[in-house]
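Enquirer: Data: input.txt, compact mmCIF, C-alpha atoms.
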```
# COMPACT_ATOMS: atom_id res chain seq x y z
CA MET A 1 -23.30 -12.44 17.76
CA SER A 2 -21.00 -11.47 20.61
CA ARG A 3 -20.04 -7.87 21.28
CA LYS A 4 -16.39 -8.77 20.63
CA LEU A 5 -17.18 -10.26 17.22
CA TRP A 6 -19.30 -7.26 16.25
CA ALA A 7 -16.36 -5.04 17.16
CA ALA A 8 -14.02 -7.21 15.14
CA LEU A 9 -16.24 -7.06 12.07
CA GLY A 10 -16.53 -3.31 12.27
CA LEU A 11 -12.79 -2.84 12.60
CA ILE A 12 -11.62 -5.51 10.17
CA THR A 13 -13.34 -3.81 7.31
CA THR A 14 -11.32 -0.62 7.80
CA LEU A 15 -8.22 -2.45 6.66
CA GLY A 16 -8.63 -2.19 2.93
CA LEU A 17 -8.85 -5.96 2.54
CA SER A 18 -9.51 -7.08 -1.01
CA THR A 19 -12.94 -8.48 -1.70
CA SER A 20 -11.62 -11.86 -2.78
CA ALA A 21 -10.14 -12.46 0.65
CA CYS A 22 -13.70 -12.58 1.99
CA ALA A 23 -16.11 -13.37 -0.85
CA GLN A 24 -16.72 -12.20 -4.36
CA PRO A 25 -19.25 -9.34 -4.46
CA ALA A 26 -22.53 -9.75 -6.27
CA PRO A 27 -22.62 -8.04 -9.67
CA ALA A 28 -24.50 -4.76 -9.79
CA ALA A 29 -26.60 -3.32 -12.58
CA PRO A 30 -24.53 -1.83 -15.43
CA GLN A 31 -23.41 1.73 -14.75
CA ALA A 32 -22.20 4.41 -17.11
CA PRO A 33 -18.41 4.49 -17.58
CA ASN A 34 -16.39 7.34 -16.11
CA ASP A 35 -14.78 9.94 -18.33
CA TYR A 36 -11.21 10.21 -17.14
CA ALA A 37 -10.55 13.04 -19.56
CA LYS A 38 -12.31 15.14 -16.91
CA ASP A 39 -9.97 16.61 -14.34
CA GLU A 40 -12.35 15.87 -11.45
CA ALA A 41 -12.17 12.13 -12.14
CA TRP A 42 -8.65 12.09 -10.69
CA LEU A 43 -7.63 12.17 -7.05
CA CYS A 44 -4.10 13.25 -8.00
CA ARG A 45 -2.56 14.71 -11.13
CA PRO A 46 0.69 16.64 -11.64
CA GLY A 47 0.63 20.38 -11.13
CA ARG A 48 -2.55 20.51 -9.05
CA ALA A 49 -3.31 21.47 -5.46
CA ASP A 50 -4.95 18.14 -4.64
CA ALA A 51 -4.74 15.15 -2.28
CA CYS A 52 -1.09 14.55 -3.21
CA ALA A 53 0.03 18.18 -2.83
CA VAL A 54 0.29 17.82 0.94
CA ASP A 55 2.92 18.43 3.61
CA GLN A 56 5.29 15.47 3.98
CA THR A 57 7.64 17.10 6.50
CA ALA A 58 9.04 14.64 9.04
CA THR A 59 10.63 14.94 12.47
CA VAL A 60 13.71 12.71 12.69
CA ILE A 61 14.35 11.38 16.21
CA GLN A 62 17.73 9.73 16.77
CA ALA A 63 18.50 7.03 19.34
CA ASN A 64 20.06 9.64 21.65
CA GLY A 65 16.92 11.79 21.52
CA ALA A 66 18.36 14.40 19.16
CA THR A 67 15.84 15.72 16.67
CA SER A 68 15.93 17.39 13.28
CA ILE A 69 13.39 18.37 10.64
CA GLU A 70 13.42 16.70 7.24
CA THR A 71 11.72 18.84 4.62
CA PHE A 72 10.15 17.51 1.45
CA LYS A 73 9.83 18.81 -2.07
CA ALA A 74 8.17 17.16 -5.02
CA ASP A 75 10.07 17.11 -8.32
CA PRO A 76 7.93 18.71 -11.05
CA ASN A 77 10.42 17.45 -13.65
CA ALA A 78 10.60 13.84 -12.46
CA PRO A 79 11.67 11.54 -15.33
CA ILE A 80 9.00 8.87 -14.77
CA ASP A 81 5.37 8.60 -13.64
CA CYS A 82 3.66 6.76 -10.79
CA PHE A 83 0.10 5.40 -11.10
CA TYR A 84 -1.58 4.63 -7.75
CA VAL A 85 -4.69 2.63 -6.83
CA TYR A 86 -5.69 3.13 -3.19
CA PRO A 87 -7.06 0.50 -0.78
CA THR A 88 -10.59 0.09 0.56
CA VAL A 89 -11.16 3.23 2.59
CA SER A 90 -14.36 4.81 1.25
CA SER A 91 -16.92 5.60 3.94
CA ASP A 92 -19.76 5.88 1.40
CA PRO A 93 -22.82 3.87 2.51
CA GLY A 94 -23.43 1.96 -0.73
CA GLY A 95 -21.73 -1.10 -2.13
CA ASN A 96 -19.48 1.00 -4.35
CA SER A 97 -18.17 4.48 -3.66
CA ASP A 98 -19.18 7.50 -5.67
CA MET A 99 -16.70 9.62 -7.59
CA THR A 100 -16.48 12.36 -4.97
CA PRO A 101 -13.49 11.51 -2.75
CA ASP A 102 -14.17 11.61 0.97
CA LEU A 103 -11.63 12.29 3.73
CA PRO A 104 -10.31 8.71 3.93
CA GLU A 105 -9.68 8.57 0.17
CA LYS A 106 -7.71 11.81 0.37
CA ALA A 107 -5.92 10.82 3.59
CA VAL A 108 -4.67 7.50 2.25
CA ALA A 109 -3.02 9.26 -0.70
CA ASP A 110 -1.21 11.45 1.84
CA GLN A 111 -0.04 8.40 3.81
CA GLN A 112 0.86 6.06 0.96
CA PHE A 113 1.53 8.00 -2.23
CA ALA A 114 2.39 11.69 -1.96
CA ARG A 115 6.01 11.07 -0.90
CA PHE A 116 6.72 9.39 -4.24
CA GLY A 117 6.38 12.87 -5.75
CA SER A 118 10.10 13.36 -5.15
CA VAL A 119 10.93 10.72 -7.78
CA CYS A 120 7.93 10.54 -10.14
CA LYS A 121 4.93 12.49 -11.38
CA LEU A 122 1.80 11.39 -9.54
CA TYR A 123 -1.39 10.03 -11.09
CA ALA A 124 -4.16 8.54 -8.97
CA PRO A 125 -7.67 8.02 -10.33
CA ASN A 126 -10.81 8.21 -8.27
CA TYR A 127 -12.63 4.93 -8.75
CA ARG A 128 -15.88 3.35 -7.63
CA GLN A 129 -14.24 0.93 -5.25
CA VAL A 130 -15.98 -1.71 -3.17
CA THR A 131 -16.66 0.10 0.09
CA ILE A 132 -16.14 -0.68 3.73
CA ALA A 133 -19.92 -0.99 4.03
CA ALA A 134 -19.99 -3.74 1.39
CA LEU A 135 -17.16 -5.64 3.05
CA ARG A 136 -18.88 -5.38 6.41
CA ARG A 137 -21.92 -7.13 4.91
CA VAL A 138 -19.73 -10.00 3.73
CA MET A 139 -18.05 -10.33 7.12
CA MET A 140 -21.51 -10.59 8.69
CA GLY A 141 -22.48 -13.42 6.36
CA GLN A 142 -24.64 -11.34 4.05
CA ALA A 143 -24.42 -10.95 0.29
CA SER A 144 -22.17 -8.11 -0.76
CA ASN A 145 -23.80 -5.24 -2.61
CA GLY A 146 -20.44 -4.16 -4.01
CA ASP A 147 -19.37 -4.71 -7.60
CA GLY A 148 -15.70 -5.57 -8.07
CA GLU A 149 -16.05 -5.45 -11.84
CA LEU A 150 -17.15 -1.82 -11.63
CA ALA A 151 -14.09 -0.95 -9.54
CA TYR A 152 -11.74 -2.71 -11.94
CA GLY A 153 -13.45 -1.18 -14.96
CA ASP A 154 -12.87 2.30 -13.60
CA VAL A 155 -9.15 1.69 -13.01
CA LEU A 156 -8.82 0.12 -16.44
CA ALA A 157 -10.47 3.17 -18.03
CA ALA A 158 -8.20 5.50 -16.07
CA TRP A 159 -5.13 3.52 -17.12
CA LYS A 160 -6.11 3.70 -20.78
CA ASP A 161 -6.80 7.43 -20.48
CA TYR A 162 -3.42 7.97 -18.81
CA LEU A 163 -1.64 6.07 -21.60
CA ALA A 164 -3.49 8.01 -24.30
CA ARG A 165 -3.23 11.53 -22.86
CA ASP A 166 -0.35 11.68 -20.41
CA ASN A 167 2.22 8.94 -20.83
CA HIS A 168 3.93 9.98 -24.11
CA GLY A 169 6.21 6.93 -23.91
CA ARG A 170 7.42 7.64 -20.34
CA GLY A 171 8.30 4.95 -17.84
CA VAL A 172 5.69 4.28 -15.17
CA VAL A 173 5.58 2.65 -11.74
CA LEU A 174 2.35 0.99 -10.57
CA ILE A 175 1.66 1.40 -6.84
CA GLY A 176 -1.19 -0.18 -4.90
CA HIS A 177 -2.23 -1.43 -1.50
CA SER A 178 -4.74 -4.16 -0.59
CA GLN A 179 -7.82 -3.82 -2.86
CA GLY A 180 -5.79 -1.48 -5.03
CA SER A 181 -3.02 -4.06 -5.28
CA ARG A 182 -5.43 -6.80 -6.31
CA ILE A 183 -6.80 -4.57 -9.07
CA LEU A 184 -3.26 -3.87 -10.27
CA LEU A 185 -2.42 -7.59 -10.33
CA ARG A 186 -5.33 -8.10 -12.72
CA LEU A 187 -4.35 -5.05 -14.76
CA ILE A 188 -0.81 -6.41 -15.15
CA LYS A 189 -2.08 -9.85 -16.15
CA GLU A 190 -4.63 -8.65 -18.69
CA GLU A 191 -3.22 -5.37 -20.02
CA ILE A 192 0.56 -5.26 -19.51
CA ASP A 193 2.25 -8.67 -19.32
CA GLY A 194 3.32 -9.60 -22.83
CA LYS A 195 1.95 -6.38 -24.34
CA PRO A 196 4.03 -3.57 -25.94
CA VAL A 197 3.46 -1.31 -22.92
CA GLN A 198 5.39 -3.74 -20.72
CA LYS A 199 8.64 -2.17 -21.88
CA GLN A 200 7.53 1.07 -20.17
CA LEU A 201 6.83 -0.60 -16.83
CA VAL A 202 9.59 0.59 -14.51
CA SER A 203 8.23 -1.53 -11.63
CA ALA A 204 5.08 -2.54 -9.79
CA LEU A 205 4.73 -2.09 -6.02
CA ILE A 206 2.02 -4.57 -5.02
CA LEU A 207 1.81 -3.94 -1.28
CA GLY A 208 -0.33 -5.54 1.39
CA MET A 209 -1.46 -8.28 -0.97
CA ASN A 210 -0.64 -11.92 -1.69
CA THR A 211 1.06 -11.86 -5.10
CA PRO A 212 1.27 -15.44 -6.43
CA VAL A 213 4.72 -16.24 -7.79
CA ASP A 214 6.32 -19.32 -9.25
CA PRO A 215 9.14 -20.12 -6.78
CA ALA A 216 11.20 -21.69 -9.55
CA LYS A 217 11.04 -18.54 -11.68
CA ASP A 218 10.69 -15.95 -8.89
CA SER A 219 8.22 -14.05 -11.04
CA TYR A 220 4.61 -12.96 -11.44
CA GLY A 221 3.80 -13.98 -15.00
CA SER A 222 6.81 -12.79 -16.99
CA LEU A 223 7.63 -10.03 -14.48
CA PRO A 224 10.50 -11.02 -12.18
CA LEU A 225 10.65 -9.91 -8.57
CA CYS A 226 13.02 -6.99 -7.96
CA ARG A 227 16.24 -8.44 -6.56
CA LYS A 228 18.87 -5.74 -7.14
CA THR A 229 19.18 -1.96 -7.08
CA GLY A 230 18.32 -0.33 -10.39
CA GLN A 231 16.52 -3.41 -11.75
CA THR A 232 13.50 -2.40 -13.83
CA GLY A 233 10.44 -4.17 -15.20
CA CYS A 234 10.06 -6.02 -11.89
CA VAL A 235 7.70 -6.43 -8.93
CA ILE A 236 8.01 -5.60 -5.22
CA SER A 237 5.36 -7.23 -3.06
CA TYR A 238 4.95 -8.20 0.59
CA VAL A 239 2.58 -8.46 3.53
CA SER A 240 3.95 -7.53 6.96
CA PHE A 241 3.79 -9.13 10.40
CA ARG A 242 5.63 -8.58 13.64
CA ALA A 243 8.47 -11.10 13.83
CA ASP A 244 7.26 -12.30 17.23
CA VAL A 245 3.59 -12.45 16.13
CA PRO A 246 3.60 -14.51 12.92
CA PRO A 247 0.47 -15.49 10.99
CA PRO A 248 -1.53 -18.01 13.01
CA GLY A 249 -1.87 -21.53 11.69
CA GLY A 250 -4.90 -21.96 9.47
CA SER A 251 -5.05 -18.27 8.54
CA LYS A 252 -6.26 -17.68 4.97
CA PHE A 253 -5.81 -13.93 4.72
CA PHE A 254 -2.18 -12.88 4.31
CA GLY A 255 1.06 -14.67 3.51
CA LYS A 256 -0.14 -17.55 1.35
CA VAL A 257 -1.93 -18.04 -1.97
CA ALA A 258 -4.54 -20.50 -3.19
CA GLU A 259 -2.84 -21.32 -6.50
CA PRO A 260 -1.22 -24.81 -6.36
CA GLY A 261 2.55 -24.74 -6.56
CA MET A 262 2.74 -21.00 -6.03
CA LYS A 263 3.83 -18.92 -3.04
CA ALA A 264 3.16 -15.40 -1.84
CA ALA A 265 5.85 -12.99 -3.02
CA CYS A 266 8.03 -11.27 -0.47
CA VAL A 267 10.56 -8.61 -1.42
CA ASN A 268 12.14 -6.48 1.29
CA PRO A 269 12.60 -2.97 -0.19
CA ALA A 270 15.47 -2.39 2.24
CA ALA A 271 17.29 -5.59 1.16
CA LEU A 272 16.17 -6.58 -2.33
CA ALA A 273 18.52 -9.57 -2.51
CA GLY A 274 17.31 -10.89 0.84
CA GLY A 275 18.34 -10.83 4.46
CA SER A 276 17.58 -8.51 7.35
CA ALA A 277 18.02 -4.75 7.10
CA THR A 278 16.99 -1.62 8.94
CA VAL A 279 13.95 -0.10 7.25
CA ARG A 280 13.30 3.59 6.77
CA SER A 281 9.78 4.06 8.08
CA TYR A 282 7.60 7.15 7.97
CA PHE A 283 5.07 6.82 10.75
CA SER A 284 2.17 9.13 11.45
CA ASP A 285 -0.49 9.66 14.08
CA ARG A 286 -3.03 9.88 11.26
CA THR A 287 -4.39 6.56 10.03
CA ILE A 288 -5.09 5.61 6.43
CA MET A 289 -8.74 6.36 7.24
CA GLY A 290 -7.90 9.99 7.95
CA SER A 291 -8.63 9.85 11.69
CA LYS A 292 -6.17 10.58 14.49
CA MET A 293 -4.95 7.64 16.55
CA ARG A 294 -6.39 7.44 20.01
CA PRO A 295 -4.45 7.66 22.19
CA ALA A 296 -1.80 9.55 20.26
CA THR A 297 1.54 7.78 19.98
CA VAL A 298 4.39 9.11 22.14
CA TRP A 299 7.28 8.72 19.72
CA ALA A 300 9.94 9.70 22.28
CA GLN A 301 9.86 10.83 25.88
CA GLY A 302 10.14 14.59 26.13
CA VAL A 303 9.81 15.10 22.36
CA GLU A 304 6.79 16.84 20.87
CA VAL A 305 6.26 16.04 17.20
CA ALA A 306 4.49 18.81 15.30
CA THR A 307 5.14 17.49 11.78
CA PRO A 308 2.83 15.10 9.86
CA PHE A 309 5.40 12.30 9.91
CA VAL A 310 8.16 10.95 12.15
CA GLU A 311 11.28 8.93 11.40
CA LEU A 312 13.02 6.73 13.99
CA PRO A 313 16.36 5.73 12.39
CA GLY A 314 17.64 2.30 13.34
CA LEU A 315 14.63 1.35 15.46
CA VAL A 316 12.93 -1.09 13.07
CA SER A 317 14.33 -3.85 10.85
CA ALA A 318 12.65 -6.33 8.53
CA GLU A 319 13.38 -9.60 6.77
CA CYS A 320 11.42 -11.80 4.37
CA VAL A 321 10.79 -15.20 5.93
CA SER A 322 9.15 -18.47 4.90
CA GLN A 323 7.63 -20.14 7.92
CA ASP A 324 4.87 -22.71 8.44
CA GLY A 325 3.59 -22.26 4.90
CA PHE A 326 3.55 -18.46 5.04
CA ASP A 327 5.78 -15.93 3.28
CA TYR A 328 5.88 -12.46 4.76
CA LEU A 329 7.97 -9.50 5.83
CA ALA A 330 8.90 -10.09 9.48
CA VAL A 331 9.24 -6.77 11.29
CA THR A 332 11.36 -6.36 14.44
CA VAL A 333 11.51 -3.38 16.80
CA HIS A 334 14.86 -3.00 18.60
CA PRO A 335 14.19 -1.42 22.00
CA ASP A 336 17.05 0.00 24.05
CA PRO A 337 16.66 1.10 27.69
CA ALA A 338 18.96 4.04 26.98
CA ASP A 339 16.92 5.06 23.93
CA PRO A 340 14.13 7.55 24.79
CA ARG A 341 12.15 6.55 21.72
CA THR A 342 9.08 4.33 21.79
CA ASP A 343 9.51 0.57 21.99
CA LYS A 344 6.26 0.06 20.11
CA ILE A 345 5.12 0.90 16.60
CA PRO A 346 1.51 1.14 15.39
CA GLY A 347 -0.08 -1.04 12.74
CA ASP A 348 -1.99 -3.80 14.54
CA LEU A 349 -5.74 -4.05 14.34
CA LEU A 350 -6.89 -4.11 17.96
CA VAL A 351 -10.17 -5.52 19.23
CA LEU A 352 -10.79 -4.91 22.93
CA GLY A 353 -7.10 -4.22 23.28
CA GLN A 354 -5.98 -7.44 21.58
CA PRO A 355 -4.38 -7.61 18.10
CA LEU A 356 -6.04 -9.69 15.39
CA ARG A 357 -3.06 -11.81 14.41
CA ASP A 358 -4.39 -12.75 10.95
CA TRP A 359 -3.98 -9.15 9.81
CA GLY A 360 -0.42 -8.49 10.93
CA LEU A 361 0.72 -4.90 10.38
CA HIS A 362 -1.60 -4.32 7.43
CA LEU A 363 -2.43 -0.79 8.57
CA VAL A 364 1.18 0.33 8.09
CA ASP A 365 2.36 -1.97 5.28
CA VAL A 366 3.40 1.04 3.21
CA ASN A 367 4.58 3.35 6.00
CA LEU A 368 6.96 0.67 7.27
CA THR A 369 9.26 0.82 4.24
CA MET A 370 8.22 4.12 2.66
CA GLY A 371 11.72 5.60 2.62
CA ASP A 372 13.14 2.43 1.11
CA LEU A 373 10.40 2.23 -1.52
CA VAL A 374 11.01 5.82 -2.61
CA ALA A 375 14.77 5.15 -2.79
CA VAL A 376 14.22 2.00 -4.87
CA VAL A 377 11.95 3.86 -7.29
CA GLY A 378 14.46 6.70 -7.51
CA ALA A 379 17.23 4.26 -8.48
CA GLN A 380 14.92 2.57 -10.97
CA ALA A 381 14.05 5.94 -12.53
CA LYS A 382 17.73 6.65 -13.10
CA ALA A 383 18.36 3.21 -14.55
CA TYR A 384 15.31 3.40 -16.81
CA SER A 385 16.25 6.88 -18.02
CA ALA A 386 19.79 5.70 -18.75
CA LYS A 387 18.41 3.01 -21.03
```
For the structure just supplied, provide its representation as structure tokens.
Expert:
Amino acid sequence: MSRKLWAALGLITTLGLSTSACAQPAPAAPQAPNDYAKDEAWLCRPGRADACAVDQTATVIQANGATSIETFKADPNAPIDCFYVYPTVSSDPGGNSDMTPDLPEKAVADQQFARFGSVCKLYAPNYRQVTIAALRRVMMGQASNGDGELAYGDVLAAWKDYLARDNHGRGVVLIGHSQGSRILLRLIKEEIDGKPVQKQLVSALILGMNTPVDPAKDSYGSLPLCRKTGQTGCVISYVSFRADVPPPGGSKFFGKVAEPGMKAACVNPAALAGGSATVRSYFSDRTIMGSKMRPATVWAQGVEVATPFVELPGLVSAECVSQDGFDYLAVTVHPDPADPRTDKIPGDLLVLGQPLRDWGLHLVDVNLTMGDLVAVVGAQAKAYSAK
């Protein structure tokens, strides 16, 4: 195997790709179920100093170079809940992670989930996910030692515990990315769609995953895609690519589904009804794996960013497109010679300096539209509460 391919395999598996995009993992021996009544079984719960109680302060850099600091405060009295399932990030050596969260599992909650604390109460279970090590085996042509059923069983148990102990009839938003999104798609299909609890589903954010939808109905099962502000009981889903680097022909990873007659959902959180719109991104020099980017991004010439996140208003826009059999969120950066800000955004998976086009901007799927997602959920919370 070439050095370049070895590098690709090692890096690809940091993406949080769902197991089904590679191969189904081999079943493992039965393991004891987790007790989610125990506080330590959760990565995030309301009122705790945990992985979601982290600094979300952002430096806002305008097109003229002016800067300001945007502070953040979670709402302890938020009217709805959010239930999050994180992507494949565990660095544990086995096929499935243990129940002690490592740095990447904590860091991804910081990057993808904590900011929703301004509009909902945060619940995120630890779960014995299929690990990066297991996915690496698959990518090298070996049998996976990860057990996808174990991962799903944990999330299912956590969901049932949340409903029994914490929900009390409140509205809830499901949020996932990659492997977490695939688990949530199954949870919706088997436990929510058509069940009494569906009336409490405010929305589902199925990010970085191919959600199969019937184009005639614009829905996943009986759940319609979110197409207007304040709409509830609906789904937002997309995979992201640079507009000038679309999915390559023949790609089987992101932007299309295997189900005949179906297409991959694409909803732009910044323009629910469709069309192009500026997105409100929250970028960071810390990756979803918890490590610092090397080299560090220079967000604007002469500007030192000391906050965990940075906003670049007006720099990036996005639009859902259907092209060459793919459906995806096409992301455009708008450089300006008079603008001191960067003309490049992170998110590509690079191998020997070259992006792997099949993966698009998977690393920043959530960061790209974070501000828009939080705003959409905030509007949905108000609409749901009004009902």
Enquirer: At a cut-off of 6 Å, using only C-alpha atoms, what residues contact A:Ala270? Leave out same-chain residues fewer than 3 positions from it and give the result as an MDAnalysis selection string.
Expert: chainID A and resid 277 279 372
Enquirer: Only C-alpha atoms, please: the residues just picked out, written as an mmCIF file, in the frame of the given file.
Expert:
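Final output, part-v6.cif:
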```cif
data_model
loop_
_atom_site.group_PDB
_atom_site.id
_atom_site.type_symbol
_atom_site.label_atom_id
_atom_site.label_comp_id
_atom_site.auth_asym_id
_atom_site.auth_seq_id
_atom_site.Cartn_x
_atom_site.Cartn_y
_atom_site.Cartn_z
ATOM 1 C CA ALA A 277 18.020 -4.750 7.100
ATOM 2 C CA VAL A 279 13.950 -0.100 7.250
ATOM 3 C CA ASP A 372 13.140 2.430 1.110
#
```
Enquirer: Within 6 Å of stretch 256-263 of chain A, counting all atoms listed in the file, which residues show up once you throw out same-chain ones fewer than 6 positions away? Write them as a compact mmCIF listing (two decimals) with C-alpha atoms, keeping the file's coordinate frame, please.
Expert:
```txt
# COMPACT_ATOMS: atom_id res chain seq x y z
CA PRO A 212 1.27 -15.44 -6.43
CA VAL A 213 4.72 -16.24 -7.79
CA ASP A 214 6.32 -19.32 -9.25
CA PHE A 326 3.55 -18.46 5.04
```
Enquirer: Do you know which residues are at most 10 Å from A:Gly347 counting only C-alpha atoms, after dropping those on the same chain fewer than 4 positions away, and could you put them as number ranges by chain?
Expert: A: 240-242, 283, 287, 355, 359-365, 367-368
Enquirer: Which one is closest to A:Thr100: A:Ala41, A:Leu187, A:Leu201, A:Val366? Count all atoms listed in the file.
Expert: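 Comparing A:Ala41, A:Leu187, A:Leu201, A:Val366 against A:Thr100, the winner is A:Ala41.
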Enquirer: With only C-alpha atoms as the counted atoms, please give the residues lying no more than 12 Å from A:Gly95, apart from itself and same-chain residues fewer than 2 positions off, as a ChimeraX atom specification.
Expert: /A:19,25-29,88,90-93,97-98,128-138,143-148,150-151
Enquirer: Write the residues you've just listed into a file as a tab-separated table (two decimals), in the frame of the given file, and include C-alpha atoms for each of them.
Expert:
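Result file follows (again.tsv):
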```tsv
chain	number	residue	atom	x	y	z
A	19	THR	CA	-12.94	-8.48	-1.70
A	25	PRO	CA	-19.25	-9.34	-4.46
A	26	ALA	CA	-22.53	-9.75	-6.27
A	27	PRO	CA	-22.62	-8.04	-9.67
A	28	ALA	CA	-24.50	-4.76	-9.79
A	29	ALA	CA	-26.60	-3.32	-12.58
A	88	THR	CA	-10.59	0.09	0.56
A	90	SER	CA	-14.36	4.81	1.25
A	91	SER	CA	-16.92	5.60	3.94
A	92	ASP	CA	-19.76	5.88	1.40
A	93	PRO	CA	-22.82	3.87	2.51
A	97	SER	CA	-18.17	4.48	-3.66
A	98	ASP	CA	-19.18	7.50	-5.67
A	128	ARG	CA	-15.88	3.35	-7.63
A	129	GLN	CA	-14.24	0.93	-5.25
A	130	VAL	CA	-15.98	-1.71	-3.17
A	131	THR	CA	-16.66	0.10	0.09
A	132	ILE	CA	-16.14	-0.68	3.73
A	133	ALA	CA	-19.92	-0.99	4.03
A	134	ALA	CA	-19.99	-3.74	1.39
A	135	LEU	CA	-17.16	-5.64	3.05
A	136	ARG	CA	-18.88	-5.38	6.41
A	137	ARG	CA	-21.92	-7.13	4.91
A	138	VAL	CA	-19.73	-10.00	3.73
A	143	ALA	CA	-24.42	-10.95	0.29
A	144	SER	CA	-22.17	-8.11	-0.76
A	145	ASN	CA	-23.80	-5.24	-2.61
A	146	GLY	CA	-20.44	-4.16	-4.01
A	147	ASP	CA	-19.37	-4.71	-7.60
A	148	GLY	CA	-15.70	-5.57	-8.07
A	150	LEU	CA	-17.15	-1.82	-11.63
A	151	ALA	CA	-14.09	-0.95	-9.54
```
Enquirer: Mind giving me the straight-line distance from atom CA of A:Ser118 to atom CA of A:Lys73 in Å, one decimal?
Expert: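 Separation of atom CA of A:Ser118 and atom CA of A:Lys73: 6.3 Å.
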Enquirer: Is it possible to get the residues within 9 Å of (8.9, 9.0, 19.9) (coordinates as in the file, counting only C-alpha atoms) written as a list in words?
Expert: Ile61, Gly65, Thr297, Val298, Trp299, Ala300, Gln301, Gly302, Val303, Glu304, Val305, Val310, Glu311, Leu312, Pro340, Arg341, Thr342 and Asp343 of chain A
Enquirer: Can you list, as a CSV table (one decimal) with C-alpha atoms, in the frame of the given file, every protein, DNA or RNA residue that comes within 12 Å of A:Glu319 when you count only C-alpha atoms, leaving out same-chain residues fewer than 3 positions away?
Expert:
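Saved file around_2.csv follows:
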```csv
chain,number,residue,atom,x,y,z
A,238,TYR,CA,5.0,-8.2,0.6
A,239,VAL,CA,2.6,-8.5,3.5
A,240,SER,CA,4.0,-7.5,7.0
A,241,PHE,CA,3.8,-9.1,10.4
A,242,ARG,CA,5.6,-8.6,13.6
A,243,ALA,CA,8.5,-11.1,13.8
A,266,CYS,CA,8.0,-11.3,-0.5
A,267,VAL,CA,10.6,-8.6,-1.4
A,268,ASN,CA,12.1,-6.5,1.3
A,269,PRO,CA,12.6,-3.0,-0.2
A,270,ALA,CA,15.5,-2.4,2.2
A,271,ALA,CA,17.3,-5.6,1.2
A,272,LEU,CA,16.2,-6.6,-2.3
A,273,ALA,CA,18.5,-9.6,-2.5
A,274,GLY,CA,17.3,-10.9,0.8
A,275,GLY,CA,18.3,-10.8,4.5
A,276,SER,CA,17.6,-8.5,7.4
A,277,ALA,CA,18.0,-4.8,7.1
A,278,THR,CA,17.0,-1.6,8.9
A,279,VAL,CA,14.0,-0.1,7.2
A,316,VAL,CA,12.9,-1.1,13.1
A,322,SER,CA,9.2,-18.5,4.9
A,327,ASP,CA,5.8,-15.9,3.3
A,328,TYR,CA,5.9,-12.5,4.8
A,329,LEU,CA,8.0,-9.5,5.8
A,330,ALA,CA,8.9,-10.1,9.5
A,331,VAL,CA,9.2,-6.8,11.3
A,332,THR,CA,11.4,-6.4,14.4
A,333,VAL,CA,11.5,-3.4,16.8
A,369,THR,CA,9.3,0.8,4.2
```
Enquirer: Point out the residue among A:Leu315, A:Val173, A:Val245, A:Ala114 with the least atom-to-atom distance to A:Lys344, counting all atoms listed in the file.
Expert: A:Leu315
Enquirer: Hey, can you check how far atom CA of A:Gly171 sits from atom CA of A:Ala51?
Expert: 22.7 Å
Enquirer: By how many Å are atom CA of A:Arg357 and atom CA of A:Pro247 apart?
Expert: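 Spanning atom CA of A:Arg357 to atom CA of A:Pro247 is a straight-line distance of 6.1 Å.
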Enquirer: Which of these, A:Val235, A:Asp244, A:Leu207, A:Asp166, has the shortest distance to A:Ile188 once you count all atoms listed in the file?
Expert: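 So, comparing all the options, the nearest one is A:Val235.
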Enquirer: Give the answer as one residue: which of A:Lys217, A:Gln31, A:Leu122, A:Glu105 has the shortest atom-to-atom distance to A:Gly47, using only C-alpha atoms?
Expert: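 Using only C-alpha atoms, A:Gly47 sits closest to A:Leu122.
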Enquirer: I need the residue nearest A:Gln200 from this list: A:Asp50, A:Asp358, A:Asp81, A:Asp336. Use all atoms listed in the file for the distance.
Expert: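 Looking at the shortest contact to A:Gln200, the residue is A:Asp81.
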Enquirer: Find the residue from A:Val197, A:Gln179, A:Leu350, A:Phe253 that sits nearest to A:Met293; use all atoms listed in the file when measuring.
Expert: A:Leu350
Enquirer: Adding 5 Å on each side of the box along x, y and z that holds all listed atoms of stretch 372-385 of chain A, could you give its centre and edge lengths in Å to one decimal, as lines of an AutoDock Vina configuration file?
Expert:
```
center_x = 14.4
center_y = 4.4
center_z = -8.5
size_x = 18.0
size_y = 14.9
size_z = 29.1
```
